[in-house]
Every structure is written in C-alpha cells, then in structure tokens.
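So the structure is just underneath, and the comments pick up after that.
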Amino acid sequence: MNEHVLEQKRGREEYRIELEGAQFTYSSHTRGSDGSASVPYELLCRRTTDYYRSNLFFRNAAIYFGILVVVTVAFGFVVGLDPRAAMLWALIGGACYAAYRLTGVRYEVFPLADGRVFRLLWGRPTRDEYLRFRRALFASRDTYLRDRYARIDVDRPAPLERRRIEWLREEGVIDQDAFITIVETIEDHAAPQG
C-alpha cells in the first residue's frame with residue numbers, strides 16, 4: 001500500500017485522500033452526494049472527533065420491544081398471564097439492539113480551519129493501514145508547516161513572529177523545546193523599540 005494514498009469503500013460509500021507537497025486532495029462518493037477538494041495543510045487541524053452512525057430502525061425497534069416487555073410483565077401481574085411472552089419480546093429487543101450496535105459505522109471527522117470537515121471510515125481498509133496513513137497525513141502536514149512557517153524573519157516585528165511560532169506549537173508542529181529556542185532567537189534579534 002502507498003502510504004500517501006488512502007482509498008476506502010463500504011457499500012455505496014467511497015473515500016479517497018492523497019497527500020501532495022503543500023496540500024492533500026480529498027474526494028468522497030456517498031449516496032446522493034459527490035465531492036472533492038484540494039485542501040492546503042494550513043487548514044488541517046490536529047484535533048479530530050469520532051462520529052458513529054447506525055441504523056436507527058434497529059434502535060427504535062429495540063426501544064419498542066423493551067416497552068412491550070414492561071407492558072407485558074405489568075399486564076401479566078394484573079391479570080395473571082404467563083410472563084413467557086415478555087421473554088420473547090426481550091429476545092427480539094436484544095437482537096434488534098445487537099443489530100443496531102453491530103451494523104454501525106465509525107468515522108473519524110477532521111475539522112478544517114475554514115469551518116468545513118471531511119471524514120474517513122475509521123480502520124479501513126485495515127486498522128494498521130489506516131493508522132499508518134493517518135500518521136503520514138499529520139507528518140506531511142507538520143513537515144510542510146515547519147518548513148514554511150518555522151523560519152525566523154528578523155525584519156518582521158517580534159510579536160508577529162512570536163504569534164506564528166505559538167500557532168505552530170499549539171498545532172503540535174513544534175515541541176516546547178523548539179518553541180523556546182525559536183522565541184529566544186526572535187527576542188535576541190528583535191529590533192530595539194524606542
């Protein structure tokens with residue numbers, strides 16, 4: 001597998017993401033929706049979230065059968081009926097809940113700085129390939145941002161330079177030691193204010 005390309009497919013859903021020099025391209029094909037975009041690494045945020053999608057029919061059926069269990073047991077106590085019907089509803093409800101949990105799909109949602117998001121199927125095609133690609137995505141992003149924004153421009157005002165370096169630290173592009181070293185260099189070369 002090429003670690004710079006990830007292709008995922010599940011039923012009618014297809015996702016493809018390819019890493020390039022200063023950006024990545026993302027395309028998706030889902031039921032009723034097609035989209036693609038080239039996204040600069042500056043927009044990619046490291047803080048992702050998980051999203052879980054399941055068939056709500058099974059969840060609602062499990063709730064319905066759970067209510068039937070309670071009603072059947074309560075009604076059985078009132079009129080003295082056999083509670084075995086409640087066990088049948090409980091088994092069907094449990095099967096519906098299991099189907100709800102097992103047929104669900106987990107996504108990882110990647111937010112972009114401009115308010116958009118893109119998502120990938122978590123752990124597809126395999127968990128190891130997905131995690132390898134995810135590491136390559138953020139490594140490419142960090143390398144590009146470090147090469148482009150970690151250089152010090154002594155002609156720019158020190159507060160502007162410091163803000164840029166703080167942004168790199170907040171995004172996890174540089175660690176605390178590199179941040180301190182760069183800030184000290186900025187302060188050493190800062191033009192005296194007077």
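Following the order of the structure tokens, chains are lettered A, B, ..., residues in each are numbered from 1, and ligands are numbered from 1.
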Counting only C-alpha atoms, what is within 8 Å of Glu42 in chain A, bar same-chain residues fewer than 2 positions away, as a count of residues only? 5
Residue neighbourhood range 14-31 of chain A, 8 Å, only C-alpha atoms, exclusion window fewer than 2 positions, as a PyMOL selection string: chain A and resi 4-10+12+33-41+120+137+140-141+144
Kindly save the residues from that selection, with N, CA and C atoms included, as a compact mmCIF listing (two decimals), in the first residue's frame.
# COMPACT_ATOMS: atom_id res chain seq x y z
N HIS A 4 0.89 7.31 0.99
CA HIS A 4 0.44 8.66 0.67
C HIS A 4 -0.93 8.68 -0.01
N VAL A 5 -1.54 7.52 -0.16
CA VAL A 5 -2.88 7.43 -0.75
C VAL A 5 -3.69 6.46 0.10
N LEU A 6 -4.91 6.87 0.44
CA LEU A 6 -5.82 6.00 1.17
C LEU A 6 -7.13 5.93 0.40
N GLU A 7 -7.53 4.73 0.08
CA GLU A 7 -8.81 4.50 -0.60
C GLU A 7 -9.66 3.62 0.29
N GLN A 8 -10.89 4.06 0.52
CA GLN A 8 -11.80 3.33 1.39
C GLN A 8 -13.12 3.11 0.67
N LYS A 9 -13.72 1.97 0.93
CA LYS A 9 -15.01 1.66 0.34
C LYS A 9 -15.82 0.85 1.33
N ARG A 10 -17.08 1.23 1.46
CA ARG A 10 -18.03 0.48 2.29
C ARG A 10 -19.40 0.66 1.67
N ARG A 12 -22.03 1.75 -0.56
CA ARG A 12 -22.09 2.82 -1.57
C ARG A 12 -21.20 4.01 -1.23
N SER A 33 -24.46 12.16 -2.97
CA SER A 33 -23.50 13.25 -2.79
C SER A 33 -22.13 12.84 -3.31
N ASP A 34 -21.56 13.71 -4.13
CA ASP A 34 -20.18 13.56 -4.59
C ASP A 34 -19.45 14.85 -4.27
N GLY A 35 -18.20 14.74 -3.90
CA GLY A 35 -17.44 15.95 -3.63
C GLY A 35 -15.96 15.68 -3.69
N SER A 36 -15.23 16.74 -4.00
CA SER A 36 -13.77 16.65 -3.98
C SER A 36 -13.23 18.04 -3.71
N ALA A 37 -12.05 18.07 -3.14
CA ALA A 37 -11.42 19.34 -2.81
C ALA A 37 -9.92 19.13 -2.65
N SER A 38 -9.19 20.19 -2.94
CA SER A 38 -7.77 20.25 -2.61
C SER A 38 -7.66 21.14 -1.37
N VAL A 39 -7.05 20.61 -0.34
CA VAL A 39 -7.02 21.30 0.95
C VAL A 39 -5.57 21.61 1.33
N PRO A 40 -5.23 22.91 1.50
CA PRO A 40 -3.89 23.24 1.98
C PRO A 40 -3.68 22.73 3.41
N TYR A 41 -2.46 22.34 3.72
CA TYR A 41 -2.17 21.80 5.05
C TYR A 41 -2.44 22.83 6.16
N LEU A 120 -13.35 10.17 7.33
CA LEU A 120 -12.83 8.91 6.80
C LEU A 120 -13.43 7.78 7.62
N LEU A 137 -0.30 11.44 7.12
CA LEU A 137 -1.02 12.70 6.87
C LEU A 137 -0.52 13.80 7.78
N SER A 140 3.22 14.70 7.08
CA SER A 140 3.35 15.56 5.90
C SER A 140 2.93 16.99 6.22
N ARG A 141 1.84 17.11 6.95
CA ARG A 141 1.36 18.43 7.36
C ARG A 141 2.40 19.14 8.23
N TYR A 144 5.54 20.18 6.24
CA TYR A 144 5.27 21.34 5.38
C TYR A 144 5.16 22.62 6.21
Find the spatial neighbours of Gly115 in chain A, counting only C-alpha atoms, within a cut-off of 12 Å - ignore same-chain residues fewer than 2 positions away - and output them as a list in words.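 In the requested format, the answer is Leu43, Leu44, Cys45, Phe110, Pro111, Leu112, Ala113, Val117 and Phe118 of chain A.
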Have a look at A:Ile92, A:Val109, A:Ala178, A:Val154 and name the one nearest to Tyr64 in chain A; count only C-alpha atoms.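 Of A:Ile92, A:Val109, A:Ala178, A:Val154, the one nearest Tyr64 in chain A is A:Ile92, counting only C-alpha atoms.
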Please measure the separation of CA of Arg146 in chain A and CA of Arg46 in chain A, giving the value in Å to one decimal. 14.5 Å
One decimal, Å: what's the distance from CA of Pro159 in chain A over to CA of Glu187 in chain A, could you say?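 CA of Glu187 in chain A lies 9.4 Å from CA of Pro159 in chain A.
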Looking only at strand (DSSP E) from DSSP on the backbone, list the matching residues of range 3-91 of chain A as a PyMOL selection string. chain A and resi 5-10+13-19+23-30+33-40+49-53
Residues from the last selection, N, CA and C atoms, saved as a CSV table (one decimal), in the first residue's frame:
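Here's the written file part_37.csv:
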chain,number,residue,atom,x,y,z
A,5,VAL,N,-1.5,7.5,-0.2
A,5,VAL,CA,-2.9,7.4,-0.7
A,5,VAL,C,-3.7,6.5,0.1
A,6,LEU,N,-4.9,6.9,0.4
A,6,LEU,CA,-5.8,6.0,1.2
A,6,LEU,C,-7.1,5.9,0.4
A,7,GLU,N,-7.5,4.7,0.1
A,7,GLU,CA,-8.8,4.5,-0.6
A,7,GLU,C,-9.7,3.6,0.3
A,8,GLN,N,-10.9,4.1,0.5
A,8,GLN,CA,-11.8,3.3,1.4
A,8,GLN,C,-13.1,3.1,0.7
A,9,LYS,N,-13.7,2.0,0.9
A,9,LYS,CA,-15.0,1.7,0.3
A,9,LYS,C,-15.8,0.8,1.3
A,10,ARG,N,-17.1,1.2,1.5
A,10,ARG,CA,-18.0,0.5,2.3
A,10,ARG,C,-19.4,0.7,1.7
A,13,GLU,N,-20.4,3.9,-0.2
A,13,GLU,CA,-19.6,5.0,0.2
A,13,GLU,C,-18.1,4.7,-0.3
A,14,GLU,N,-17.5,5.8,-0.8
A,14,GLU,CA,-16.1,5.7,-1.3
A,14,GLU,C,-15.4,7.0,-0.9
A,15,TYR,N,-14.2,6.8,-0.3
A,15,TYR,CA,-13.4,8.0,0.1
A,15,TYR,C,-12.0,7.7,-0.4
A,16,ARG,N,-11.4,8.8,-0.9
A,16,ARG,CA,-10.0,8.8,-1.4
A,16,ARG,C,-9.3,10.0,-0.9
A,17,ILE,N,-8.2,9.9,-0.4
A,17,ILE,CA,-7.3,11.0,0.0
A,17,ILE,C,-5.9,10.7,-0.4
A,18,GLU,N,-5.3,11.8,-1.0
A,18,GLU,CA,-3.9,11.6,-1.5
A,18,GLU,C,-3.1,12.8,-1.0
A,19,LEU,N,-2.0,12.5,-0.4
A,19,LEU,CA,-1.1,13.5,0.1
A,19,LEU,C,-0.2,14.1,-1.0
A,23,GLN,N,-0.4,20.3,0.0
A,23,GLN,CA,-1.8,20.1,0.2
A,23,GLN,C,-2.2,18.6,0.1
A,24,PHE,N,-3.4,18.3,0.3
A,24,PHE,CA,-3.9,17.0,0.1
A,24,PHE,C,-5.2,17.1,-0.7
A,25,THR,N,-5.5,16.1,-1.5
A,25,THR,CA,-6.8,16.1,-2.2
A,25,THR,C,-7.7,15.0,-1.6
A,26,TYR,N,-8.9,15.4,-1.5
A,26,TYR,CA,-9.9,14.5,-0.8
A,26,TYR,C,-11.1,14.4,-1.7
A,27,SER,N,-11.6,13.2,-1.9
A,27,SER,CA,-12.8,13.0,-2.7
A,27,SER,C,-13.7,12.0,-2.0
A,28,SER,N,-15.0,12.2,-2.1
A,28,SER,CA,-16.0,11.3,-1.5
A,28,SER,C,-17.1,11.1,-2.4
A,29,HIS,N,-17.6,9.9,-2.4
A,29,HIS,CA,-18.8,9.5,-3.1
A,29,HIS,C,-19.7,8.7,-2.2
A,30,THR,N,-20.8,9.3,-1.8
A,30,THR,CA,-21.8,8.7,-1.0
A,30,THR,C,-23.2,8.8,-1.7
A,33,SER,N,-24.5,12.2,-3.0
A,33,SER,CA,-23.5,13.2,-2.8
A,33,SER,C,-22.1,12.8,-3.3
A,34,ASP,N,-21.6,13.7,-4.1
A,34,ASP,CA,-20.2,13.6,-4.6
A,34,ASP,C,-19.5,14.8,-4.3
A,35,GLY,N,-18.2,14.7,-3.9
A,35,GLY,CA,-17.4,15.9,-3.6
A,35,GLY,C,-16.0,15.7,-3.7
A,36,SER,N,-15.2,16.7,-4.0
A,36,SER,CA,-13.8,16.6,-4.0
A,36,SER,C,-13.2,18.0,-3.7
A,37,ALA,N,-12.1,18.1,-3.1
A,37,ALA,CA,-11.4,19.3,-2.8
A,37,ALA,C,-9.9,19.1,-2.6
A,38,SER,N,-9.2,20.2,-2.9
A,38,SER,CA,-7.8,20.3,-2.6
A,38,SER,C,-7.7,21.1,-1.4
A,39,VAL,N,-7.0,20.6,-0.3
A,39,VAL,CA,-7.0,21.3,0.9
A,39,VAL,C,-5.6,21.6,1.3
A,40,PRO,N,-5.2,22.9,1.5
A,40,PRO,CA,-3.9,23.2,2.0
A,40,PRO,C,-3.7,22.7,3.4
A,49,THR,N,-12.5,14.3,15.8
A,49,THR,CA,-13.5,13.7,16.6
A,49,THR,C,-14.0,12.4,16.0
A,50,ASP,N,-14.7,11.6,16.8
A,50,ASP,CA,-15.3,10.4,16.2
A,50,ASP,C,-16.8,10.6,16.0
A,51,TYR,N,-17.3,10.0,15.0
A,51,TYR,CA,-18.7,10.0,14.7
A,51,TYR,C,-19.2,8.6,14.5
A,52,TYR,N,-20.2,8.2,15.1
A,52,TYR,CA,-20.8,6.8,14.9
A,52,TYR,C,-22.1,6.9,14.3
A,53,ARG,N,-22.3,6.2,13.2
A,53,ARG,CA,-23.6,6.2,12.5
A,53,ARG,C,-24.2,4.8,12.5
